[in-house]
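**Student:** So that we are looking at the same thing, I have put the structure below in structure tokens.
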Amino acid sequence: MSFNALLIAAHGDDFVFGGGGTFSKWNKLSRKTKFTCMAVGDVGSFTASGGELARLRKDEMIKCGDIIGTPSEVWNVHDCEVMYTLELRMKCIEEIRNFGADIVVTTRGYDYNPDCRFAGQLAADACTMAILPNHVMLTPALKKTPILLFKWDNVPHPVPFKADIVVSVDDVIDQLVDAAVAHESMAFGWAAIFNDCYDEVSAMNESEKRNWYATTQIYPYFENIANVHRNELIEKYGPVKGNAVKYAEAFEISKACRMPTEDELAKIFPF
């Protein structure tokens with residue numbers, strides 16, 4: 001089963017934490033994938049800013065995508081300024097149509113970060129409108145509404161995340177680490193300062209930095225998903241394999257768009 005999968009999110013590292021492992025697996029099956037990043041990343045740093053930082057973040061995003069095997073595009077929207085506007089929603093519709101998306105992955109509209117929250121709302125609404133021929137009419141409408149998937153989050157209110165789909169990423173966890181540390185300015189700048197260890201991390205060599213980020217950020221994040229959704233993993237893989245999964249990704253299916261059949265899901269997620 002061939003399909004086109006598009007991940008739309010606010011920030012560059014949302015690709016790694018929002019489905020990078022699953023996209024890597026799809027790429028190995030020769031599916032067509034793309035990551036669209038709304039914000040240029042020019043604010044999320046304690047040590048740099050402006051155009052220089054935005055260009056650096058774009059280069060890091062391209063490097064991250066190359067590691068996963070997914071082309072990426074960065075839109076010219078300032079960090080902290082992703083807002084729900086008609087213009088951005090129309091741009092999302094054009095993106096979904098031009099890519100011919102069969103599957104769109106995005107953030108639920110409950111995220112703590114306003115950029116992420118609005119990016120998810122924009123992408124979700126654009127999905128529902130991608131088939132309307134008389135809206136954004138110069139870009140041909142899709143024949144059918146894409147399947148809309150929400151990436152995992154731990155936001156409990158107003159509605160907790162529901163894991164309709166779980167995927168073991170044990171076999172691609174090293175690739176996810178490499179993709180994550182490609183965002184050097186975020187991994188070893190923002191994250192290190194945020195965790196109050198910037199001086200210590202700055203003094204590390206490349207291998208030590210990678211190990212620090214893997215053990216403090218990547219492994220715990222994907223381990224937590226696996227542990228929170230252990231029952232779903234057991235249901236999918238059986239008790240032996242399900243209990244053995246160490247790292248996982250999870251997705252919620254939006255009922256606002258096309259609902260996939262069980263047969264479709266088995267073909268989309270054969271791993």
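For the structure tokens, the naming scheme is as follows: chains receive sequential letters (A, B, ...) according to their order of presentation, residues are indexed from 1 within each chain, and ligands are indexed from 1 in presentation order.
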Determine, counting only C-alpha atoms, which protein, DNA and RNA residues have an atom within 9 Å of an atom of region 181-198 of chain A; residues of the same chain fewer than 6 positions away are not included. Present the result as a ChimeraX atom specification.
**Tutor:** /A:12-13,44-47,53,56-57,59-64,67,209-210,213-214,217
**Student:** How would the residues just chosen look if you wrote them out with C-alpha atoms as an mmCIF file, in the first residue's frame?
**Tutor:**
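Generated file (result_33.cif):
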data_model
loop_
_atom_site.group_PDB
_atom_site.id
_atom_site.type_symbol
_atom_site.label_atom_id
_atom_site.label_comp_id
_atom_site.auth_asym_id
_atom_site.auth_seq_id
_atom_site.Cartn_x
_atom_site.Cartn_y
_atom_site.Cartn_z
ATOM 1 C CA GLY A 12 12.063 21.513 14.250
ATOM 2 C CA ASP A 13 12.422 18.966 17.047
ATOM 3 C CA GLY A 44 14.100 29.401 21.248
ATOM 4 C CA SER A 45 17.635 30.048 22.441
ATOM 5 C CA PHE A 46 19.334 31.732 25.374
ATOM 6 C CA THR A 47 22.553 32.433 23.466
ATOM 7 C CA LEU A 53 19.698 31.547 14.483
ATOM 8 C CA LEU A 56 21.099 27.681 11.627
ATOM 9 C CA ARG A 57 17.859 26.027 12.745
ATOM 10 C CA ASP A 59 20.164 23.814 8.355
ATOM 11 C CA GLU A 60 19.751 21.614 11.435
ATOM 12 C CA MET A 61 16.220 20.693 10.336
ATOM 13 C CA ILE A 62 17.491 19.629 6.907
ATOM 14 C CA LYS A 63 20.237 17.530 8.536
ATOM 15 C CA CYS A 64 17.689 15.916 10.864
ATOM 16 C CA ILE A 67 19.057 11.243 8.857
ATOM 17 C CA LYS A 209 27.181 15.255 24.308
ATOM 18 C CA ARG A 210 25.322 12.668 22.265
ATOM 19 C CA TYR A 213 21.148 13.973 25.295
ATOM 20 C CA ALA A 214 20.239 10.357 24.605
ATOM 21 C CA GLN A 217 16.046 13.332 26.888
#
**Student:** Just asking: which residues within region 107-148 of chain A are helix (DSSP H, G or I) according to DSSP, as a ChimeraX atom specification?
**Tutor:** /A:114-129
**Student:** For each of A:Trp212, A:Trp152, A:Phe118, A:Tyr110, take the minimum atom-to-atom distance to Ala226 (chain A), counting only C-alpha atoms, then give the residue where this is smallest.
**Tutor:**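 Of all the options, A:Trp152 lies closest to Ala226 (chain A).
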**Student:** Find the nearest atom pair between each residue of region 24-97 of chain A and region 135-150 of chain A for residues within 12 Å, count only C-alpha atoms, give distances in Å to one decimal, sort rows by chain and ascending number, and present the table as JSON lines.
**Tutor:**
{"residue": "A:Leu86", "atom": "CA", "partner": "A:Val136", "partner_atom": "CA", "distance": 10.8}
{"residue": "A:Glu87", "atom": "CA", "partner": "A:Val136", "partner_atom": "CA", "distance": 10.3}
{"residue": "A:Leu88", "atom": "CA", "partner": "A:Val136", "partner_atom": "CA", "distance": 11.7}
{"residue": "A:Arg89", "atom": "CA", "partner": "A:Val136", "partner_atom": "CA", "distance": 9.9}
{"residue": "A:Met90", "atom": "CA", "partner": "A:Val136", "partner_atom": "CA", "distance": 6.5}
{"residue": "A:Lys91", "atom": "CA", "partner": "A:Val136", "partner_atom": "CA", "distance": 8.9}
{"residue": "A:Cys92", "atom": "CA", "partner": "A:Val136", "partner_atom": "CA", "distance": 10.3}
{"residue": "A:Ile93", "atom": "CA", "partner": "A:Val136", "partner_atom": "CA", "distance": 7.5}
{"residue": "A:Glu94", "atom": "CA", "partner": "A:Thr139", "partner_atom": "CA", "distance": 6.3}
{"residue": "A:Glu95", "atom": "CA", "partner": "A:Thr139", "partner_atom": "CA", "distance": 9.4}
{"residue": "A:Ile96", "atom": "CA", "partner": "A:Leu142", "partner_atom": "CA", "distance": 8.5}
{"residue": "A:Arg97", "atom": "CA", "partner": "A:Leu142", "partner_atom": "CA", "distance": 6.0}
**Student:** Between CA of Ser24 (chain A) and CA of Leu6 (chain A), what is the spacing in Å?
**Tutor:** 12.6 Å
**Student:** So which bits of region 48-243 of chain A end up strand (DSSP E) when you DSSP the backbone, as a list in words?
**Tutor:**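 Secondary structure check on region 48-243 of chain A, strand (DSSP E): Ser72, Glu73, Val74, Trp75, Asn76, Val77, Ile103, Val104, Val105, Thr106, Ile147, Leu148, Leu149, Phe150, Lys151, Ile165, Val166, Val167 and Ser168 of chain A.
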**Student:** Residues at most 10 Å from Gly242 (chain A), counting only C-alpha atoms, excluding those fewer than 3 positions away in the same chain, as number ranges by chain?
**Tutor:** A: 168, 226, 229-239, 245-246
**Student:** Using only C-alpha atoms, pick whichever of A:Asn134, A:Thr216, A:Ser2, A:Thr106 has the shortest atom-to-atom distance to Ile253 (chain A).
**Tutor:**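 Closest residue, counting only C-alpha atoms: A:Thr106.
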**Student:** Which one of A:Pro158, A:Gly41, A:Pro220, A:Gly20 sits closest to Ala54 (chain A) if you count only C-alpha atoms?
**Tutor:**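 Closest to Ala54 (chain A) of all the choices is A:Gly41.
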**Student:** Between CA of Phe23 (chain A) and CA of Tyr247 (chain A), measure the distance and give it in Å to one decimal.
**Tutor:**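 Computed distance, CA of Phe23 (chain A) to CA of Tyr247 (chain A), equals 15.0 Å.
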